[in-house]
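See below for the structure under consideration.
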Amino acid sequence: MSENIHDKDCDCGCQDNNDEATVTLTLDDGSELECAVLAIFPAGQNQYIALVPLDQEDEEDGDVYLYRFQEFEDGEIQLDNIVDDDEYEIVADAFDELLDSEEFDEMFEDED
């Protein structure tokens, strides 16, 4: 899997989507999936990222993809699959708590 994060200030010529950050995932089969970044959040000792495919962005019950997230000093990012069931449970619980928080709701209110 590879990924590229684009935001409203990127200089790559991509089409930004209402000034929100996006990630282009290259899946195992070679296909690409454009996703909006919902949140980058801590869980345990690591940072994680929650992504939703752009074609499902307005759906309440759409797929959300969770990955371990690292950003390096040079601006490069790395997304890693979460393969451990216990780690995934910790991350999913942390994301659920984020969804329940007022702070997350306020992020979306600012976009409207």
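Each chain in the structure tokens gets a letter, A, B, ..., in the order shown, and its residues are numbered from 1; ligands are numbered from 1 in order too.
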Requested in this report: Find the residues around Val64 of chain A up to 10 Å (only C-alpha atoms counted), leave out those fewer than 3 positions away in its own chain, and share them as a list in words.
Outcome: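 That gives Cys35, Ala36, Val37, Leu38, Ile49, Ala50, Leu51, Val52, Pro53, Gln56, Glu57 and Asp61 of chain A.
In this model, the gap between atom CA of Leu25 of chain A and atom CA of Val83 of chain A comes to 17.3 Å.
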Query raised in the report: Hey, which of A:Ile40, A:Leu33, A:Ala21, A:Leu99 ends up closest to Gln70 of chain A? Count only C-alpha atoms.
Result: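 That would be A:Ile40, the residue with the smallest distance to Gln70 of chain A.
Those residues that approach Ala43 of chain A to within 9 Å, counting only C-alpha atoms, are Gln47, Tyr48, Glu87, Ile90, Val91, Asp93, Ala94 and Phe95 of chain A; same-chain residues fewer than 4 positions away are not listed.
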What would the file look like if the residues just selected were written as a PDB file, in the first residue's frame with N, CA and C atoms?
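result.pdb, freshly written:
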```pdb
ATOM      1  N   GLN A  47       0.169   7.225  16.805  1.00  0.00           N
ATOM      2  CA  GLN A  47      -0.821   8.076  16.149  1.00  0.00           C
ATOM      3  C   GLN A  47      -1.523   7.229  15.092  1.00  0.00           C
ATOM      4  N   TYR A  48      -2.788   7.522  14.867  1.00  0.00           N
ATOM      5  CA  TYR A  48      -3.581   6.788  13.883  1.00  0.00           C
ATOM      6  C   TYR A  48      -4.352   7.779  13.028  1.00  0.00           C
ATOM      7  N   GLU A  87      -4.510  -4.366  19.140  1.00  0.00           N
ATOM      8  CA  GLU A  87      -4.216  -2.984  18.750  1.00  0.00           C
ATOM      9  C   GLU A  87      -5.416  -2.374  18.026  1.00  0.00           C
ATOM     10  N   ILE A  90      -8.088  -1.260  20.446  1.00  0.00           N
ATOM     11  CA  ILE A  90      -7.703  -0.018  21.126  1.00  0.00           C
ATOM     12  C   ILE A  90      -7.953   1.175  20.214  1.00  0.00           C
ATOM     13  N   VAL A  91      -7.554   1.053  18.954  1.00  0.00           N
ATOM     14  CA  VAL A  91      -7.711   2.148  17.986  1.00  0.00           C
ATOM     15  C   VAL A  91      -9.180   2.402  17.690  1.00  0.00           C
ATOM     16  N   ASP A  93     -11.745   1.759  19.591  1.00  0.00           N
ATOM     17  CA  ASP A  93     -12.351   2.383  20.775  1.00  0.00           C
ATOM     18  C   ASP A  93     -11.979   3.863  20.872  1.00  0.00           C
ATOM     19  N   ALA A  94     -10.709   4.183  20.599  1.00  0.00           N
ATOM     20  CA  ALA A  94     -10.274   5.586  20.644  1.00  0.00           C
ATOM     21  C   ALA A  94     -10.999   6.406  19.584  1.00  0.00           C
ATOM     22  N   PHE A  95     -11.214   5.834  18.396  1.00  0.00           N
ATOM     23  CA  PHE A  95     -11.927   6.546  17.340  1.00  0.00           C
ATOM     24  C   PHE A  95     -13.394   6.743  17.725  1.00  0.00           C
TER      25      PHE A  95
END
```
Query raised in the report: Do you have the atom CA of Arg68 of chain A-atom CA of Phe41 of chain A distance handy?
Result: 9.7 Å
Report task. Measuring atom to atom with only C-alpha atoms, identify which of A:Thr26, A:Gln78, A:Ala39, A:Glu34 is nearest to Asp55 of chain A. Result ->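 For Asp55 of chain A, the nearest of the candidates is A:Glu34.
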Report task. Enumerate as a ChimeraX atom specification all residues of segment 10-104 of chain A assigned to strand (DSSP E or B) by DSSP on the backbone, naming them with the chain letters and numbers the document uses. Result -> /A:17,20,22-26,32-43,46-53,65-71,77-80
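The interatomic distance for the pair atom CA of Glu89 of chain A and atom CA of Ile77 of chain A works out to 23.2 Å.
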